[in-house]
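**Q** start01.csv (CSV, C-alpha atoms) pasted underneath:
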```csv
chain,number,residue,atom,x,y,z
A,1,MET,CA,-13.7,27.1,19.0
A,2,ALA,CA,-11.4,24.2,18.2
A,3,LYS,CA,-8.5,24.8,16.0
A,4,ILE,CA,-6.5,22.3,14.2
A,5,TYR,CA,-2.8,22.9,14.5
A,6,SER,CA,-1.5,19.9,12.6
A,7,LYS,CA,-0.4,20.6,9.0
A,8,GLU,CA,-2.6,19.4,6.2
A,9,GLU,CA,-1.3,16.6,4.1
A,10,SER,CA,0.4,18.5,1.4
A,11,PHE,CA,1.1,15.6,-0.9
A,12,GLN,CA,-1.7,14.7,-3.1
A,13,MET,CA,-1.9,12.3,-6.0
A,14,GLU,CA,-4.2,14.7,-7.9
A,15,CYS,CA,-1.6,16.0,-10.3
A,16,VAL,CA,-1.8,13.4,-13.0
A,17,ALA,CA,-1.6,15.6,-16.1
A,18,PRO,CA,1.2,17.6,-17.6
A,19,LYS,CA,1.0,21.4,-17.8
A,20,LYS,CA,-0.9,22.9,-20.7
A,21,GLU,CA,2.2,24.8,-21.6
A,22,THR,CA,4.2,21.5,-22.0
A,23,ILE,CA,1.6,20.1,-24.4
A,24,SER,CA,1.5,23.4,-26.3
A,25,LEU,CA,5.3,23.4,-26.6
A,26,LEU,CA,5.3,19.8,-27.9
A,27,LEU,CA,2.7,20.6,-30.5
A,28,SER,CA,4.6,23.7,-31.6
A,29,TYR,CA,7.8,21.8,-31.7
A,30,SER,CA,6.2,19.2,-33.9
A,31,LYS,CA,4.9,21.8,-36.3
A,32,ALA,CA,8.3,23.5,-36.5
A,33,LEU,CA,10.3,20.3,-36.9
A,34,ARG,CA,11.4,19.4,-40.4
A,35,ILE,CA,13.5,16.4,-41.3
A,36,VAL,CA,15.2,16.6,-44.6
A,37,GLU,CA,17.0,13.6,-46.1
A,38,HIS,CA,19.9,14.0,-48.5
A,39,LYS,CA,22.1,11.1,-49.6
A,40,ASN,CA,21.1,8.9,-46.7
A,41,ILE,CA,21.8,11.7,-44.2
A,42,GLN,CA,19.0,13.2,-42.2
A,43,PHE,CA,19.0,16.9,-41.4
A,44,LYS,CA,16.8,18.1,-38.6
A,45,SER,CA,15.7,21.7,-38.5
A,46,VAL,CA,13.4,23.5,-36.2
A,47,LEU,CA,11.8,26.5,-37.9
A,48,ASN,CA,10.5,29.2,-35.6
B,1,MET,CA,-11.1,12.0,-36.2
B,2,GLY,CA,-10.6,11.6,-32.5
B,3,ASN,CA,-11.5,8.7,-30.3
B,4,LEU,CA,-12.8,6.5,-33.1
B,5,GLN,CA,-9.5,6.2,-34.8
B,6,GLN,CA,-6.9,3.7,-33.6
B,7,ASP,CA,-3.5,4.8,-32.4
B,8,SER,CA,-1.9,3.1,-35.4
B,9,GLU,CA,-4.1,5.1,-37.8
B,10,LEU,CA,-3.3,8.3,-36.1
B,11,VAL,CA,0.4,7.6,-36.2
B,12,LYS,CA,0.2,7.0,-39.9
B,13,GLU,CA,-1.8,10.2,-40.3
B,14,TYR,CA,0.9,12.1,-38.3
B,15,ILE,CA,3.7,10.6,-40.3
B,16,LYS,CA,1.9,11.8,-43.5
B,17,GLY,CA,1.9,15.3,-42.1
B,18,ASN,CA,-1.3,15.6,-40.2
B,19,GLU,CA,-0.3,17.5,-37.1
B,20,TYR,CA,-3.8,17.2,-35.6
B,21,ALA,CA,-3.2,13.4,-35.3
B,22,LEU,CA,-0.4,14.1,-32.8
B,23,GLU,CA,-2.7,16.4,-30.8
B,24,VAL,CA,-5.2,13.6,-30.5
B,25,LEU,CA,-2.6,11.0,-29.5
B,26,ILE,CA,-1.2,13.3,-26.8
B,27,ASP,CA,-4.7,14.2,-25.6
B,28,ARG,CA,-5.6,10.5,-25.4
B,29,HIS,CA,-2.5,9.3,-23.6
B,30,ASN,CA,-1.0,12.3,-21.7
B,31,GLN,CA,-2.6,11.4,-18.3
B,32,ARG,CA,-1.5,7.8,-18.4
B,33,VAL,CA,2.1,8.7,-19.4
B,34,PHE,CA,2.4,11.5,-17.0
B,35,SER,CA,0.9,9.5,-14.1
B,36,PHE,CA,3.5,6.8,-14.8
B,37,ILE,CA,6.4,9.2,-14.8
B,38,PHE,CA,5.0,11.1,-11.7
B,39,SER,CA,4.6,7.8,-9.8
B,40,LYS,CA,8.3,7.2,-10.2
B,41,VAL,CA,9.9,10.6,-9.7
B,42,MET,CA,7.2,12.1,-7.3
B,43,ASP,CA,8.0,15.6,-8.4
B,44,LYS,CA,5.6,17.4,-10.7
B,45,ASP,CA,8.2,19.6,-12.4
B,46,VAL,CA,10.6,16.7,-13.0
B,47,ALA,CA,7.7,14.7,-14.3
B,48,ASP,CA,6.8,17.5,-16.7
B,49,ASP,CA,10.4,17.6,-18.0
B,50,ILE,CA,10.5,13.9,-18.5
B,51,PHE,CA,7.1,13.9,-20.1
B,52,GLN,CA,8.3,16.6,-22.5
B,53,ASP,CA,11.5,14.7,-23.4
B,54,THR,CA,9.5,11.6,-23.9
B,55,PHE,CA,7.3,13.2,-26.6
B,56,ILE,CA,10.2,15.0,-28.1
B,57,LYS,CA,11.7,11.6,-28.7
B,58,VAL,CA,8.4,10.3,-30.0
B,59,ILE,CA,8.0,13.2,-32.4
B,60,ASN,CA,11.6,12.9,-33.6
B,61,THR,CA,11.3,9.2,-34.2
B,62,LEU,CA,8.0,9.5,-36.0
B,63,LYS,CA,9.2,12.4,-38.2
B,64,LYS,CA,12.4,10.5,-39.1
B,65,GLY,CA,10.3,7.6,-40.2
B,66,LYS,CA,12.0,5.2,-37.8
B,67,TYR,CA,8.9,4.1,-36.0
B,68,ASN,CA,8.1,0.5,-36.8
B,69,GLU,CA,5.9,-0.8,-33.9
B,70,GLU,CA,2.6,-0.4,-35.5
B,71,GLY,CA,-0.3,-1.0,-33.2
B,72,LYS,CA,1.7,-0.6,-30.0
B,73,PHE,CA,2.0,3.1,-29.8
B,74,LEU,CA,1.3,3.5,-26.0
B,75,PRO,CA,3.6,0.7,-24.8
B,76,TRP,CA,6.3,2.2,-27.0
B,77,VAL,CA,5.8,5.6,-25.5
B,78,MET,CA,5.7,4.1,-22.0
B,79,ARG,CA,9.0,2.4,-22.7
B,80,ILE,CA,10.6,5.7,-23.8
B,81,ALA,CA,9.3,7.3,-20.6
B,82,HIS,CA,10.6,4.4,-18.5
B,83,ASN,CA,14.1,4.7,-20.0
B,84,LEU,CA,14.1,8.5,-19.4
B,85,VAL,CA,13.0,8.0,-15.8
B,86,ILE,CA,16.0,5.6,-15.4
B,87,ASP,CA,18.3,8.2,-17.0
B,88,HIS,CA,17.0,10.8,-14.6
B,89,PHE,CA,17.8,8.6,-11.5
B,90,ARG,CA,21.2,7.7,-12.9
B,91,ARG,CA,22.0,11.3,-13.4
B,92,ASN,CA,20.8,12.2,-9.9
B,93,LYS,CA,22.8,9.4,-8.4
B,94,ARG,CA,25.9,10.8,-9.9
B,95,MET,CA,25.0,14.3,-9.0
B,96,PRO,CA,22.5,14.4,-6.1
B,97,LYS,CA,20.2,17.3,-6.2
B,98,PHE,CA,18.8,19.0,-3.1
B,99,GLU,CA,16.1,21.6,-3.4
B,100,GLY,CA,15.0,24.0,-0.8
B,101,SER,CA,11.4,24.2,0.3
B,102,ASP,CA,9.6,25.8,3.2
B,103,ASP,CA,10.3,23.0,5.5
B,104,PHE,CA,13.8,22.1,4.2
B,105,ASN,CA,16.9,24.1,4.0
B,106,ILE,CA,19.7,23.0,1.7
B,107,PHE,CA,22.3,24.3,4.1
B,108,SER,CA,21.2,21.9,6.8
B,109,VAL,CA,22.4,19.1,4.4
B,110,ILE,CA,25.6,20.6,2.9
B,111,GLY,CA,26.7,22.6,5.9
B,112,ASP,CA,29.4,21.2,8.2
B,113,SER,CA,27.5,20.4,11.3
B,114,SER,CA,30.6,19.7,13.4
B,115,LEU,CA,31.9,22.7,15.2
B,116,ASN,CA,35.5,23.6,15.7
B,117,VAL,CA,36.7,24.4,19.2
B,118,GLU,CA,36.2,28.1,18.8
B,119,ASN,CA,32.7,27.8,17.5
B,120,GLN,CA,31.9,25.3,20.2
B,121,ILE,CA,33.0,27.7,22.9
B,122,ILE,CA,30.9,30.5,21.3
B,123,LYS,CA,27.9,28.2,21.1
B,124,ASP,CA,28.2,27.2,24.7
B,125,GLN,CA,28.5,30.9,25.7
B,126,VAL,CA,25.4,31.7,23.6
B,127,ASP,CA,23.5,28.8,25.1
B,128,THR,CA,24.4,30.0,28.6
B,129,ASP,CA,23.4,33.6,27.8
B,130,VAL,CA,20.1,32.5,26.4
B,131,ARG,CA,19.3,30.4,29.5
B,132,LYS,CA,20.1,33.4,31.7
B,133,LEU,CA,17.7,35.5,29.6
B,134,ILE,CA,15.0,32.9,29.9
B,135,ASP,CA,15.4,32.9,33.7
B,136,GLU,CA,14.4,36.6,33.5
B,137,LEU,CA,11.1,35.9,32.0
B,138,PRO,CA,7.8,35.7,34.0
B,139,ASP,CA,7.1,32.2,35.3
B,140,ASP,CA,4.2,31.4,33.0
B,141,GLN,CA,6.1,32.5,29.9
B,142,ARG,CA,9.3,30.7,30.9
B,143,GLU,CA,7.4,27.5,31.6
B,144,VAL,CA,5.8,27.5,28.1
B,145,LEU,CA,9.0,28.4,26.3
B,146,ILE,CA,11.1,25.7,28.1
B,147,MET,CA,8.4,23.1,27.3
B,148,ARG,CA,8.2,24.1,23.6
B,149,ILE,CA,11.9,24.7,22.9
B,150,TYR,CA,13.8,22.5,25.2
B,151,LYS,CA,11.4,19.7,25.8
B,152,ASN,CA,10.0,19.8,22.2
B,153,MET,CA,6.4,19.5,23.4
B,154,SER,CA,3.5,20.5,21.2
B,155,PHE,CA,1.2,23.3,22.2
B,156,LYS,CA,-1.5,20.7,22.8
B,157,GLU,CA,0.7,18.9,25.2
B,158,ILE,CA,1.7,22.1,26.9
B,159,SER,CA,-1.9,23.2,27.3
B,160,GLU,CA,-2.7,19.8,28.9
B,161,THR,CA,0.3,19.9,31.2
B,162,THR,CA,-0.2,23.5,32.3
B,163,GLY,CA,-4.0,23.4,32.4
B,164,VAL,CA,-4.4,26.4,30.1
B,165,SER,CA,-6.0,26.6,26.7
B,166,ILE,CA,-3.9,26.2,23.6
B,167,ASN,CA,-4.5,29.8,22.7
B,168,THR,CA,-3.2,30.9,26.1
B,169,ALA,CA,-0.1,28.8,25.7
B,170,LEU,CA,0.5,30.3,22.2
B,171,GLY,CA,0.0,33.8,23.6
B,172,ARG,CA,2.5,33.1,26.4
B,173,MET,CA,5.0,31.8,23.9
B,174,ARG,CA,4.6,34.9,21.8
B,175,TYR,CA,5.1,37.2,24.7
B,176,ALA,CA,8.1,35.1,25.9
B,177,LEU,CA,9.8,35.7,22.5
B,178,ILE,CA,8.9,39.4,22.5
B,179,ASN,CA,10.3,39.8,26.0
B,180,LEU,CA,13.4,37.8,25.1
B,181,ARG,CA,14.0,40.2,22.2
B,182,LYS,CA,13.5,43.2,24.5
B,183,LEU,CA,16.0,41.7,27.0
B,184,ILE,CA,18.5,41.1,24.2
B,185,GLU,CA,18.2,44.7,22.9
B,186,LYS,CA,18.2,46.2,26.4
B,187,ASN,CA,21.4,44.4,27.4
B,188,ASN,CA,23.1,44.8,23.9
B,189,ILE,CA,23.7,41.1,23.7
B,190,VAL,CA,25.0,39.7,20.4
B,191,LEU,CA,23.7,36.1,20.0
B,192,VAL,CA,25.6,34.7,17.1
B,193,ASN,CA,27.9,31.7,16.5
```
How does this structure look as structure tokens?

**A**
Amino acid sequence: MAKIYSKEESFQMECVAPKKETISLLLSYSKALRIVEHKNIQFKSVLN
Amino acid sequence: MGNLQQDSELVKEYIKGNEYALEVLIDRHNQRVFSFIFSKVMDKDVADDIFQDTFIKVINTLKKGKYNEEGKFLPWVMRIAHNLVIDHFRRNKRMPKFEGSDDFNIFSVIGDSSLNVENQIIKDQVDTDVRKLIDELPDDQREVLIMRIYKNMSFKEISETTGVSINTALGRMRYALINLRKLIEKNNIVLVN
């Protein structure tokens, strides 16, 4: 029975999408972010 | 909503407060943006970080009402990603980062490979002791071990040279190492440098 001793090519170009957690974080961040303007000054707040 | 709407319309919707519009935009473009970043940094975790930072900037700019490139949403996002990739490489140039992996040890990079005189003497002594121990091994095991360790031959080459199967060569190597350990324990030898 032949065995292959060489390592498989570990690098693959298949990972072309970000993690689901990353996208989920971005959507949550967007929902939590509030920009309030007062006298030409912008205040950024992230509400958890 | 979804694919029928143009990016520019979705951006307007989002600025008005429709959070779902952002979800559609990210869903539509995430692969393209991520692939671009990944093709530059070649590290999935770093690419994820830069992707995240890119859209954080996008969100901040849109929510602040500073976006004025109507109709060119994707090129704008790609430009932000591109700039962040450049920032990443600039930062790493100033502070090179080495990460360990199964095949790579950080200490082989940052360690001082040059030995001082004392360590060189110890190393020579250890090398001599190891060679003496190897001489104690049975001929077939010694032959395989020398070819593998000292001549850096693959097991395929060893099997071809010695005329035994690869599995036999592997077995001999295994027993050679087991016997070496036994010899070291038996003789109370300390092999460190």

**Q** For atom CA of A:Thr22 and atom CA of A:Gln42, quote the distance in Å rounded to one decimal.

**A**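 Interatomic distance, atom CA of A:Thr22 to atom CA of A:Gln42: 26.4 Å.
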
**Q** Specify as number ranges by chain all residues of chain A found within 7 Å of chain B, counting only C-alpha atoms.

**A** A: 16-18, 22, 26-27, 30-31, 35

**Q** Mind giving me the straight-line distance from atom CA of B:Leu145 to atom CA of B:Ile184 in Å, one decimal?

**A**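 Atom CA of B:Ile184 lies 16.0 Å from atom CA of B:Leu145.
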
**Q** Would you place a box with edges along x, y and z of the file around all atoms of stretch 37-48 of chain B listed there, add 6 Å to each of its six sides, and report the centre and edge lengths in Å to one decimal, as lines of an AutoDock Vina configuration file?

**A**
```
center_x = 7.6
center_y = 13.4
center_z = -12.0
size_x = 18.0
size_y = 24.4
size_z = 21.4
```

**Q** In Å, how far is it from atom CA of B:Leu170 to atom CA of B:Asn152?

**A**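 Interatomic distance here is 14.2 Å.
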
**Q** Enumerate, as JSON, numbers by chain, the protein, DNA and RNA residues whose atoms approach (8.8, 22.3, -35.7) to within 8 Å, taking into account all atoms listed in the file and the coordinate frame of the file.

**A** {"A": [28, 29, 30, 31, 32, 33, 34, 45, 46, 47, 48]}

**Q** For B:Asp129, find every residue with an atom within 10 Å (counting only C-alpha atoms), except residues of its own chain fewer than 6 positions away, and show them as a list in words.

**A**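 Final neighbour list, sorted by chain and number: Lys123, Asp135, Ile184, Ile189, Val190 and Leu191 of chain B.
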